[in-house]
>>> print(open('target-v8.txt').read())   # compact mmCIF, C-alpha atoms
# COMPACT_ATOMS: atom_id res chain seq x y z
CA MET A 1452 -14.48 -19.98 -3.56
CA GLU A 1453 -14.60 -17.86 -0.47
CA VAL A 1454 -13.33 -14.32 -0.80
CA GLY A 1455 -10.03 -14.07 1.04
CA LEU A 1456 -6.87 -12.02 1.14
CA ASN A 1457 -5.80 -12.97 -2.37
CA HIS A 1458 -9.00 -11.61 -3.90
CA PHE A 1459 -8.40 -8.19 -2.43
CA LEU A 1460 -4.74 -8.30 -3.45
CA THR A 1461 -5.81 -9.18 -7.00
CA VAL A 1462 -8.00 -6.09 -7.18
CA SER A 1463 -5.05 -4.10 -5.88
CA VAL A 1464 -2.69 -5.53 -8.51
CA ALA A 1465 -5.18 -4.73 -11.27
CA LEU A 1466 -5.61 -1.15 -10.05
CA PHE A 1467 -1.84 -0.70 -9.78
CA ALA A 1468 -1.25 -1.99 -13.31
CA LEU A 1469 -4.00 0.24 -14.73
CA GLY A 1470 -2.67 3.27 -12.87
CA LEU A 1471 0.86 2.64 -14.11
CA TYR A 1472 -0.50 2.21 -17.64
CA GLY A 1473 -2.22 5.57 -17.33
CA VAL A 1474 0.94 7.25 -16.05
CA VAL A 1475 3.06 5.81 -18.85
CA THR A 1476 0.76 6.32 -21.83
CA ARG A 1477 -1.40 9.39 -21.28
CA LYS A 1478 -0.33 12.70 -22.79
CA ASN A 1479 -2.27 15.11 -20.64
CA ALA A 1480 -0.66 15.94 -17.30
CA VAL A 1481 -4.00 15.85 -15.49
CA MET A 1482 -4.55 12.31 -16.78
CA VAL A 1483 -1.14 11.32 -15.44
CA LEU A 1484 -2.26 12.63 -12.07
CA MET A 1485 -5.35 10.43 -12.26
CA GLY A 1486 -3.07 7.44 -12.84
CA VAL A 1487 -1.09 8.37 -9.75
CA GLU A 1488 -4.32 8.48 -7.75
CA LEU A 1489 -5.18 4.97 -8.95
CA ILE A 1490 -1.77 3.71 -7.81
CA LEU A 1491 -2.21 5.29 -4.38
CA ASN A 1492 -5.66 3.70 -4.07
CA SER A 1493 -4.23 0.27 -4.86
CA ALA A 1494 -1.59 0.72 -2.16
CA ASN A 1495 -4.35 1.70 0.25
CA ILE A 1496 -6.35 -1.44 -0.53
CA ASN A 1497 -3.24 -3.45 0.32
CA PHE A 1498 -2.82 -1.68 3.65
CA VAL A 1499 -6.43 -2.17 4.68
CA ALA A 1500 -6.51 -5.80 3.48
CA PHE A 1501 -3.41 -6.69 5.47
CA SER A 1502 -4.86 -4.86 8.43
CA ARG A 1503 -7.87 -7.16 8.21
CA PHE A 1504 -6.18 -10.47 7.43
CA GLY A 1505 -2.65 -10.06 8.74
CA ASN A 1506 -1.58 -9.23 12.22
CA LEU A 1507 -1.46 -5.46 11.77
CA GLY A 1508 -4.60 -4.66 13.70
CA ILE A 1509 -5.79 -1.09 13.37
CA ASN A 1510 -2.31 0.15 12.31
CA GLY A 1511 -2.88 -0.69 8.66
CA GLN A 1512 -5.93 1.52 8.57
CA ILE A 1513 -3.92 4.38 10.12
CA TYR A 1514 -1.32 4.05 7.35
CA ALA A 1515 -4.13 4.11 4.78
CA LEU A 1516 -5.35 7.33 6.37
CA PHE A 1517 -1.87 8.86 6.08
CA VAL A 1518 -1.66 7.86 2.43
CA ILE A 1519 -5.00 9.58 1.76
CA ILE A 1520 -3.72 12.77 3.43
CA LEU A 1521 -0.49 12.70 1.39
CA ALA A 1522 -2.51 12.13 -1.79
CA ALA A 1523 -4.55 15.25 -1.04
CA ALA A 1524 -1.40 17.35 -0.55
CA GLU A 1525 0.17 15.88 -3.68
CA ALA A 1526 -2.89 16.61 -5.81
CA ALA A 1527 -2.99 20.25 -4.66
CA ILE A 1528 0.70 20.87 -5.42
CA ALA A 1529 0.63 18.99 -8.73
CA LEU A 1530 -2.45 20.88 -9.92
CA ALA A 1531 -0.71 24.18 -9.10
CA ILE A 1532 2.33 23.10 -11.12
CA VAL A 1533 0.09 22.01 -14.02
CA LEU A 1534 -1.64 25.40 -14.01
CA ASN A 1535 1.76 27.10 -14.14
CA ILE A 1536 2.84 24.90 -17.05
CA TYR A 1537 -0.37 25.80 -18.86
CA LYS A 1538 0.27 29.51 -18.26
CA THR A 1539 3.79 29.21 -19.66
CA PHE A 1540 3.39 26.79 -22.58
CA ALA A 1541 -0.37 27.08 -23.36
CA ASN A 1542 -0.82 23.30 -23.21
CA VAL A 1543 -0.27 20.52 -20.70
CA ASN A 1544 0.77 17.70 -23.02
CA ILE A 1545 3.83 16.31 -21.33
CA ASP A 1546 5.34 14.96 -24.55
CA GLU A 1547 5.50 18.46 -26.06
CA ILE A 1548 7.04 20.24 -23.10
CA LYS A 1549 10.80 19.95 -23.37
CA ASN A 1550 12.15 23.10 -21.73
CA LEU A 1551 12.60 23.71 -18.06
CA LYS A 1552 12.12 27.44 -18.56
CA GLU A 1553 10.73 29.65 -21.25
CA MET B 532 -21.81 -18.20 -2.86
CA GLU B 533 -22.55 -15.93 0.03
CA LEU B 534 -23.86 -12.39 -0.11
CA TYR B 535 -20.45 -11.08 1.01
CA ASP B 536 -18.78 -12.67 -2.01
CA ILE B 537 -21.38 -11.33 -4.43
CA ILE B 538 -20.99 -7.81 -3.07
CA PHE B 539 -17.21 -8.12 -3.27
CA TYR B 540 -17.31 -9.17 -6.91
CA LEU B 541 -19.74 -6.33 -7.66
CA PHE B 542 -17.47 -3.71 -6.12
CA ALA B 543 -14.36 -5.22 -7.70
CA ALA B 544 -16.05 -5.13 -11.11
CA ILE B 545 -17.10 -1.50 -10.62
CA THR B 546 -13.60 -0.52 -9.50
CA ILE B 547 -11.63 -2.24 -12.23
CA GLY B 548 -14.13 -1.53 -15.01
CA SER B 549 -14.21 2.19 -14.34
CA ALA B 550 -10.43 2.25 -13.88
CA ILE B 551 -10.11 0.80 -17.38
CA VAL B 552 -12.34 3.62 -18.65
CA VAL B 553 -10.16 6.15 -16.80
CA VAL B 554 -6.95 5.11 -18.50
CA ASN B 555 -8.48 4.56 -21.95
CA SER B 556 -11.07 7.29 -22.39
CA LYS B 557 -10.21 9.95 -24.92
CA ASN B 558 -12.39 12.52 -23.23
CA ILE B 559 -10.81 13.85 -20.04
CA VAL B 560 -14.13 14.72 -18.41
CA HIS B 561 -15.39 11.17 -18.97
CA ALA B 562 -12.19 9.88 -17.39
CA ALA B 563 -12.68 12.16 -14.38
CA PHE B 564 -16.23 10.94 -13.85
CA SER B 565 -15.13 7.32 -14.19
CA LEU B 566 -12.56 8.05 -11.51
CA LEU B 567 -15.55 8.93 -9.29
CA LEU B 568 -16.91 5.40 -9.77
CA THR B 569 -13.48 3.91 -9.08
CA PHE B 570 -13.24 5.79 -5.78
CA PHE B 571 -16.73 4.64 -4.81
CA GLY B 572 -15.81 1.05 -5.61
CA VAL B 573 -12.62 1.24 -3.55
CA SER B 574 -14.65 2.72 -0.72
CA GLY B 575 -17.04 -0.24 -0.90
CA ILE B 576 -14.06 -2.59 -0.71
CA TYR B 577 -12.92 -0.79 2.45
CA VAL B 578 -16.35 -1.37 3.98
CA LEU B 579 -16.10 -5.07 3.11
CA LEU B 580 -12.73 -5.13 4.89
CA GLY B 581 -14.27 -3.70 8.04
CA ALA B 582 -12.72 -0.24 7.68
CA ASP B 583 -15.78 1.97 7.89
CA PHE B 584 -13.94 5.14 8.92
CA ILE B 585 -11.44 4.84 6.07
CA ALA B 586 -14.32 4.31 3.65
CA VAL B 587 -16.02 7.54 4.71
CA VAL B 588 -12.70 9.41 4.61
CA GLN B 589 -12.11 8.00 1.13
CA ILE B 590 -15.43 9.39 -0.11
CA MET B 591 -14.98 12.73 1.60
CA VAL B 592 -11.36 13.40 0.64
CA TYR B 593 -11.13 11.71 -2.76
CA VAL B 594 -14.58 12.40 -4.18
CA GLY B 595 -15.18 15.67 -2.35
CA GLY B 596 -11.68 17.06 -2.59
CA ILE B 597 -9.23 15.50 -5.00
CA LEU B 598 -11.72 14.77 -7.77
CA ILE B 599 -13.10 18.32 -7.66
CA LEU B 600 -9.51 19.59 -7.78
CA LEU B 601 -8.78 17.39 -10.81
CA LEU B 602 -11.93 18.63 -12.53
CA PHE B 603 -10.83 22.20 -11.87
CA GLY B 604 -7.49 21.29 -13.42
CA VAL B 605 -9.24 19.88 -16.49
CA MET B 606 -11.45 22.93 -16.88
CA LEU B 607 -8.66 25.45 -16.37
CA THR B 608 -6.11 23.83 -18.67
CA ASN B 609 -8.35 23.09 -21.66
CA ARG B 610 -10.15 25.58 -23.78
CA ILE B 611 -13.41 23.72 -23.55
CA THR B 612 -15.40 26.36 -25.39
CA ASN B 613 -13.71 26.03 -28.75
CA VAL B 614 -11.39 23.01 -28.65
CA ASP B 615 -12.74 19.61 -27.72
CA ILE B 616 -11.23 18.16 -24.58
CA ARG B 617 -9.42 15.20 -25.97
CA SER B 618 -6.19 13.62 -25.00
CA GLY B 619 -4.43 10.85 -26.81
CA SER B 620 -2.15 8.11 -25.64
CA ILE B 621 1.43 7.49 -26.64
CA GLN B 622 3.60 4.36 -26.65
CA VAL B 623 0.63 2.09 -26.05
CA ILE B 624 2.15 -1.16 -27.35
CA PRO B 625 5.45 -1.01 -25.38
CA ALA B 626 3.52 0.02 -22.28
CA ILE B 627 1.16 -2.95 -22.60
CA ILE B 628 4.03 -5.40 -23.12
CA GLY B 629 6.06 -4.06 -20.22
CA LEU B 630 3.10 -3.89 -17.91
CA ALA B 631 1.96 -7.40 -18.80
CA ILE B 632 5.35 -8.76 -17.75
CA PHE B 633 5.37 -6.61 -14.62
CA THR B 634 1.83 -7.59 -13.63
CA ALA B 635 2.56 -11.27 -14.24
CA ILE B 636 5.58 -11.09 -11.90
CA LEU B 637 3.52 -9.22 -9.30
CA PHE B 638 0.68 -11.73 -9.54
CA TRP B 639 3.04 -14.67 -9.36
CA THR B 640 4.69 -13.21 -6.26
CA MET B 641 1.30 -12.70 -4.71
CA THR B 642 0.01 -16.20 -5.34
CA SER B 643 3.24 -18.01 -4.51
CA THR B 644 3.76 -16.25 -1.19
CA ASN B 645 2.20 -17.98 1.75
CA TRP B 646 0.55 -14.96 3.35
CA LYS B 647 -0.40 -15.19 6.94
CA SER B 648 -4.12 -15.01 6.40
CA GLU B 649 -6.38 -15.39 9.38
CA LYS B 650 -9.63 -13.58 9.68
CA PHE B 651 -9.87 -11.56 12.85
CA GLU B 652 -13.04 -10.57 14.57
CA LEU B 653 -14.60 -7.61 12.81
CA PRO B 654 -14.79 -4.64 15.14
CA THR B 655 -18.22 -3.06 15.09
CA THR B 656 -16.81 0.40 14.54
CA THR B 657 -13.24 1.57 14.06
CA ALA B 658 -13.62 5.32 14.60
CA PHE B 659 -13.04 5.12 18.34
CA GLN B 660 -9.91 2.99 18.02
CA ILE B 661 -8.52 5.13 15.21
CA GLY B 662 -9.03 8.33 17.18
CA ASP B 663 -7.49 6.75 20.25
CA ILE B 664 -4.36 5.46 18.52
CA LEU B 665 -4.00 8.62 16.41
CA LEU B 666 -3.66 10.80 19.50
CA SER B 667 -1.49 8.44 21.51
CA GLU B 668 0.90 6.35 19.46
CA TYR B 669 0.88 8.35 16.22
CA VAL B 670 0.50 11.84 17.66
CA LEU B 671 3.82 13.10 16.25
CA ILE B 672 3.00 11.91 12.72
CA PHE B 673 -0.49 13.36 13.11
CA GLU B 674 0.88 16.81 13.96
CA LEU B 675 3.51 16.62 11.21
CA LEU B 676 0.82 15.79 8.67
CA GLY B 677 -1.13 18.83 9.82
CA ILE B 678 1.93 21.00 9.20
CA LEU B 679 2.48 19.27 5.84
CA LEU B 680 -1.07 20.06 4.75
CA LEU B 681 -0.59 23.71 5.74
CA ILE B 682 2.68 23.88 3.78
CA ALA B 683 1.01 22.23 0.77
CA LEU B 684 -1.85 24.73 0.93
CA ILE B 685 0.45 27.77 1.08
CA GLY B 686 2.81 26.30 -1.51
CA ALA B 687 0.01 25.50 -3.96
CA ALA B 688 -1.43 29.00 -3.61
CA SER B 689 1.93 30.68 -4.12
CA ILE B 690 2.95 28.44 -7.05
CA ALA B 691 -0.37 28.84 -8.85
CA ARG B 692 -0.34 32.65 -8.87
CA ARG B 693 3.23 33.65 -9.43
CA ASP B 694 2.53 35.97 -12.36
CA LYS B 695 3.20 39.28 -10.57
CA GLU B 696 6.69 39.19 -9.15
>>> encode(input="target-v8.txt", output="structure tokens")
Amino acid sequence: MEVGLNHFLTVSVALFALGLYGVVTRKNAVMVLMGVELILNSANINFVAFSRFGNLGINGQIYALFVIILAAAEAAIALAIVLNIYKTFANVNIDEIKNLKE
Amino acid sequence: MELYDIIFYLFAAITIGSAIVVVNSKNIVHAAFSLLLTFFGVSGIYVLLGADFIAVVQIMVYVGGILILLLFGVMLTNRITNVDIRSGSIQVIPAIIGLAIFTAILFWTMTSTNWKSEKFELPTTTAFQIGDILLSEYVLIFELLGILLLIALIGAASIARRDKE
């Protein structure tokens, strides 16, 4: 069977499901961030695959580039927030943190 | 089976296999290093899709930037000298059930939709076209993203060291 659009979309679906699983089940906030990165990567695969097989042309790759940039900004901010949570509560397990302030 | 297909299945196996390790590994550092393999696999998939520039950006930004940042986060938020870096999972069974239903719906939608799927001619290199379109059609978004990155940088620095008010 020749590799076509559906093969790439299948990889994307699998990555999305795994990323969502990580976000839902992991305790550590850094692990949740890793799940978010997996989800963003799966969205990027979709963009690039439709850029190749659909009629998007180069535009799909540009959107993928923008998603990568936003992921970088998101990771920086989220890591700063996680460090602050660690400073305040001495752990980053999101099931134990219940208060908005100390 | 052509060489293209074999390489695709190889990269897909690397990507999904290491992603499974990422979400299941008890050790956070193992998960972070598996994430490295996932990013490399996704980058290989980009190359197979004819997006060479995106593939290089993926390696540079994700592996060189975001993964290092995540590793810093792991090192700074776990006392690795005396407590082992372990992290458990919660609500595994409900998550698996819900996600199985969700993934089945997603997969069914994907296979039942008649996607317009025609293979276009692979451009030899995309860097020229991307640079061209980025500074003509998308120039406003390009500048706004530059400002956004600056704001994120300043914001992250000021959030992370707020101890002395």
>>> interface_residues(input="target-v8.txt", of="chain B", to="chain A", cutoff="6 Å", atoms="all atoms listed in the file", output="JSON list (two decimals) with C-alpha atoms, in the frame of the given file")
[["chain", "number", "residue", "atom", "x", "y", "z"],
["B", 536, "ASP", "CA", -18.78, -12.67, -2.01],
["B", 554, "VAL", "CA", -6.95, 5.11, -18.50],
["B", 620, "SER", "CA", -2.15, 8.11, -25.64],
["B", 621, "ILE", "CA", 1.43, 7.49, -26.64],
["B", 622, "GLN", "CA", 3.60, 4.36, -26.65],
["B", 623, "VAL", "CA", 0.63, 2.09, -26.05],
["B", 647, "LYS", "CA", -0.40, -15.19, 6.94],
["B", 648, "SER", "CA", -4.12, -15.01, 6.40],
["B", 649, "GLU", "CA", -6.38, -15.39, 9.38],
["B", 650, "LYS", "CA", -9.63, -13.58, 9.68],
["B", 680, "LEU", "CA", -1.07, 20.06, 4.75],
["B", 683, "ALA", "CA", 1.01, 22.23, 0.77],
["B", 687, "ALA", "CA", 0.01, 25.50, -3.96],
["B", 690, "ILE", "CA", 2.95, 28.44, -7.05],
["B", 691, "ALA", "CA", -0.37, 28.84, -8.85]]
>>> atom_distance(input="target-v8.txt", atom1="atom CA of Leu630 of chain B", atom2="atom CA of Leu602 of chain B")
27.6 Å
>>> closest_residue(input="target-v8.txt", among="B:Phe584, B:Tyr535, B:Tyr577, B:Phe570", to="Ala550 of chain B", atoms="only C-alpha atoms")
B:Phe570
>>> atom_distance(input="target-v8.txt", atom1="atom CA of Leu675 of chain B", atom2="atom CA of Tyr1514 of chain A")
14.0 Å
>>> atom_distance(input="target-v8.txt", atom1="atom CA of Thr656 of chain B", atom2="atom CA of Asp583 of chain B")
6.9 Å
>>> residues_around(input="target-v8.txt", residues="Leu598 of chain B", least_positions_apart="5", cutoff="8 Å", atoms="all atoms listed in the file", output="PyMOL selection string")
chain B and resi 563+566-567+593
>>> build_atoms(input="target-v8.txt", residues="segment 1458-1473 of chain A", atoms="N, CA and C atoms", output="PDB file, in the frame of the given file")
ATOM      1  N   HIS A1458      -8.050 -12.318  -3.037  1.00  0.00           N
ATOM      2  CA  HIS A1458      -9.000 -11.610  -3.900  1.00  0.00           C
ATOM      3  C   HIS A1458      -8.781 -10.113  -3.812  1.00  0.00           C
ATOM      4  N   PHE A1459      -8.611  -9.621  -2.590  1.00  0.00           N
ATOM      5  CA  PHE A1459      -8.400  -8.190  -2.430  1.00  0.00           C
ATOM      6  C   PHE A1459      -7.062  -7.775  -3.047  1.00  0.00           C
ATOM      7  N   LEU A1460      -6.041  -8.628  -2.869  1.00  0.00           N
ATOM      8  CA  LEU A1460      -4.740  -8.300  -3.450  1.00  0.00           C
ATOM      9  C   LEU A1460      -4.810  -8.308  -4.972  1.00  0.00           C
ATOM     10  N   THR A1461      -5.658  -9.170  -5.545  1.00  0.00           N
ATOM     11  CA  THR A1461      -5.810  -9.180  -7.000  1.00  0.00           C
ATOM     12  C   THR A1461      -6.406  -7.872  -7.501  1.00  0.00           C
ATOM     13  N   VAL A1462      -7.427  -7.387  -6.802  1.00  0.00           N
ATOM     14  CA  VAL A1462      -8.000  -6.090  -7.180  1.00  0.00           C
ATOM     15  C   VAL A1462      -6.927  -5.018  -7.099  1.00  0.00           C
ATOM     16  N   SER A1463      -6.104  -5.093  -6.063  1.00  0.00           N
ATOM     17  CA  SER A1463      -5.050  -4.100  -5.880  1.00  0.00           C
ATOM     18  C   SER A1463      -4.025  -4.166  -7.015  1.00  0.00           C
ATOM     19  N   VAL A1464      -3.645  -5.376  -7.400  1.00  0.00           N
ATOM     20  CA  VAL A1464      -2.690  -5.530  -8.510  1.00  0.00           C
ATOM     21  C   VAL A1464      -3.265  -4.946  -9.793  1.00  0.00           C
ATOM     22  N   ALA A1465      -4.559  -5.240 -10.045  1.00  0.00           N
ATOM     23  CA  ALA A1465      -5.180  -4.730 -11.270  1.00  0.00           C
ATOM     24  C   ALA A1465      -5.211  -3.207 -11.272  1.00  0.00           C
ATOM     25  N   LEU A1466      -5.570  -2.616 -10.123  1.00  0.00           N
ATOM     26  CA  LEU A1466      -5.610  -1.150 -10.050  1.00  0.00           C
ATOM     27  C   LEU A1466      -4.220  -0.563 -10.251  1.00  0.00           C
ATOM     28  N   PHE A1467      -3.214  -1.207  -9.647  1.00  0.00           N
ATOM     29  CA  PHE A1467      -1.840  -0.700  -9.780  1.00  0.00           C
ATOM     30  C   PHE A1467      -1.393  -0.732 -11.236  1.00  0.00           C
ATOM     31  N   ALA A1468      -1.676  -1.873 -11.912  1.00  0.00           N
ATOM     32  CA  ALA A1468      -1.250  -1.990 -13.310  1.00  0.00           C
ATOM     33  C   ALA A1468      -1.953  -0.951 -14.175  1.00  0.00           C
ATOM     34  N   LEU A1469      -3.266  -0.746 -13.935  1.00  0.00           N
ATOM     35  CA  LEU A1469      -4.000   0.240 -14.730  1.00  0.00           C
ATOM     36  C   LEU A1469      -3.476   1.646 -14.465  1.00  0.00           C
ATOM     37  N   GLY A1470      -3.180   1.943 -13.195  1.00  0.00           N
ATOM     38  CA  GLY A1470      -2.670   3.270 -12.870  1.00  0.00           C
ATOM     39  C   GLY A1470      -1.321   3.510 -13.520  1.00  0.00           C
ATOM     40  N   LEU A1471      -0.456   2.500 -13.485  1.00  0.00           N
ATOM     41  CA  LEU A1471       0.860   2.640 -14.110  1.00  0.00           C
ATOM     42  C   LEU A1471       0.718   2.809 -15.616  1.00  0.00           C
ATOM     43  N   TYR A1472      -0.234   2.062 -16.202  1.00  0.00           N
ATOM     44  CA  TYR A1472      -0.500   2.210 -17.640  1.00  0.00           C
ATOM     45  C   TYR A1472      -0.911   3.639 -17.964  1.00  0.00           C
ATOM     46  N   GLY A1473      -1.794   4.192 -17.106  1.00  0.00           N
ATOM     47  CA  GLY A1473      -2.220   5.570 -17.330  1.00  0.00           C
ATOM     48  C   GLY A1473      -1.060   6.548 -17.224  1.00  0.00           C
TER      49      GLY A1473
END
